[in-house]
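Peer 1: This structure is in structure tokens; I'll ask about it shortly.
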Amino acid sequence: MSKLIHNDEFHIAQKTARISFLELEIQKIKSGTTKASSQEILNDILSKYEKELAELKNS
């Protein structure tokens with residue numbers, strides 16, 4: 001039982017860290033801090049990050 005609780009806590013912490021990372025990266029892309037070789041690539045990355053963030057927040 002203790003191992004199960006530990007795994008749940010780890011997954012919650014991992015999810016929280018990923019959400020924080022995605023929010024920061026999205027903010028950096030939107031502010032222009034993050035650069036890419038083309039705007040199309042940047043828009044694709046932004047779209048993927050926003051989709052993943054929405055999925056994590058809804059799970």
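Residue numbering restarts at 1 for every chain of the structure tokens, chains are lettered A, B, ... in their displayed order, and ligands are numbered from 1 as they appear.
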Would you mind writing down, as a ChimeraX atom specification, each residue of chain A that DSSP on the backbone assigns to helix (DSSP H, G or I)?
Peer 2: /A:2-31,39-58
Peer 1: Taking C-alpha atoms for each residue, export the selection above as a PDB file, in the first residue's frame.
Peer 2:
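As written to disk, part.pdb reads:
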ATOM      1  CA  SER A   2       2.832   2.383   0.855  1.00  0.00           C
ATOM      2  CA  LYS A   3       4.437   1.761  -2.531  1.00  0.00           C
ATOM      3  CA  LEU A   4       1.157   2.600  -4.266  1.00  0.00           C
ATOM      4  CA  ILE A   5       0.848   5.881  -2.367  1.00  0.00           C
ATOM      5  CA  HIS A   6       4.461   6.725  -3.184  1.00  0.00           C
ATOM      6  CA  ASN A   7       3.852   6.104  -6.900  1.00  0.00           C
ATOM      7  CA  ASP A   8       0.714   8.263  -6.845  1.00  0.00           C
ATOM      8  CA  GLU A   9       2.605  11.099  -5.158  1.00  0.00           C
ATOM      9  CA  PHE A  10       5.411  10.785  -7.710  1.00  0.00           C
ATOM     10  CA  HIS A  11       2.968  10.957 -10.629  1.00  0.00           C
ATOM     11  CA  ILE A  12       1.213  13.983  -9.122  1.00  0.00           C
ATOM     12  CA  ALA A  13       4.549  15.762  -8.657  1.00  0.00           C
ATOM     13  CA  GLN A  14       5.644  14.781 -12.168  1.00  0.00           C
ATOM     14  CA  LYS A  15       2.371  16.081 -13.644  1.00  0.00           C
ATOM     15  CA  THR A  16       2.650  19.344 -11.698  1.00  0.00           C
ATOM     16  CA  ALA A  17       6.220  19.865 -12.891  1.00  0.00           C
ATOM     17  CA  ARG A  18       5.228  19.184 -16.514  1.00  0.00           C
ATOM     18  CA  ILE A  19       2.324  21.658 -16.284  1.00  0.00           C
ATOM     19  CA  SER A  20       4.670  24.326 -14.903  1.00  0.00           C
ATOM     20  CA  PHE A  21       7.202  23.636 -17.656  1.00  0.00           C
ATOM     21  CA  LEU A  22       4.578  23.856 -20.397  1.00  0.00           C
ATOM     22  CA  GLU A  23       3.110  27.086 -19.010  1.00  0.00           C
ATOM     23  CA  LEU A  24       6.563  28.660 -18.922  1.00  0.00           C
ATOM     24  CA  GLU A  25       7.456  27.506 -22.442  1.00  0.00           C
ATOM     25  CA  ILE A  26       4.141  28.754 -23.842  1.00  0.00           C
ATOM     26  CA  GLN A  27       4.719  32.118 -22.186  1.00  0.00           C
ATOM     27  CA  LYS A  28       8.248  32.313 -23.653  1.00  0.00           C
ATOM     28  CA  ILE A  29       7.002  31.487 -27.167  1.00  0.00           C
ATOM     29  CA  LYS A  30       4.189  34.043 -26.995  1.00  0.00           C
ATOM     30  CA  SER A  31       6.496  36.773 -25.667  1.00  0.00           C
ATOM     31  CA  GLN A  39       7.282  30.880 -37.545  1.00  0.00           C
ATOM     32  CA  GLU A  40       5.562  27.721 -38.800  1.00  0.00           C
ATOM     33  CA  ILE A  41       7.755  25.538 -36.589  1.00  0.00           C
ATOM     34  CA  LEU A  42       7.166  27.801 -33.611  1.00  0.00           C
ATOM     35  CA  ASN A  43       3.395  27.737 -34.178  1.00  0.00           C
ATOM     36  CA  ASP A  44       3.476  23.935 -34.407  1.00  0.00           C
ATOM     37  CA  ILE A  45       5.388  23.645 -31.131  1.00  0.00           C
ATOM     38  CA  LEU A  46       3.053  26.136 -29.460  1.00  0.00           C
ATOM     39  CA  SER A  47       0.026  24.176 -30.634  1.00  0.00           C
ATOM     40  CA  LYS A  48       1.438  20.896 -29.300  1.00  0.00           C
ATOM     41  CA  TYR A  49       2.347  22.456 -25.947  1.00  0.00           C
ATOM     42  CA  GLU A  50      -1.113  24.013 -25.580  1.00  0.00           C
ATOM     43  CA  LYS A  51      -2.817  20.709 -26.440  1.00  0.00           C
ATOM     44  CA  GLU A  52      -0.678  18.757 -23.962  1.00  0.00           C
ATOM     45  CA  LEU A  53      -1.279  21.370 -21.257  1.00  0.00           C
ATOM     46  CA  ALA A  54      -5.047  21.192 -21.764  1.00  0.00           C
ATOM     47  CA  GLU A  55      -4.950  17.386 -21.561  1.00  0.00           C
ATOM     48  CA  LEU A  56      -2.897  17.452 -18.358  1.00  0.00           C
ATOM     49  CA  LYS A  57      -5.158  20.000 -16.703  1.00  0.00           C
ATOM     50  CA  ASN A  58      -8.270  17.974 -17.587  1.00  0.00           C
TER      51      ASN A  58
END
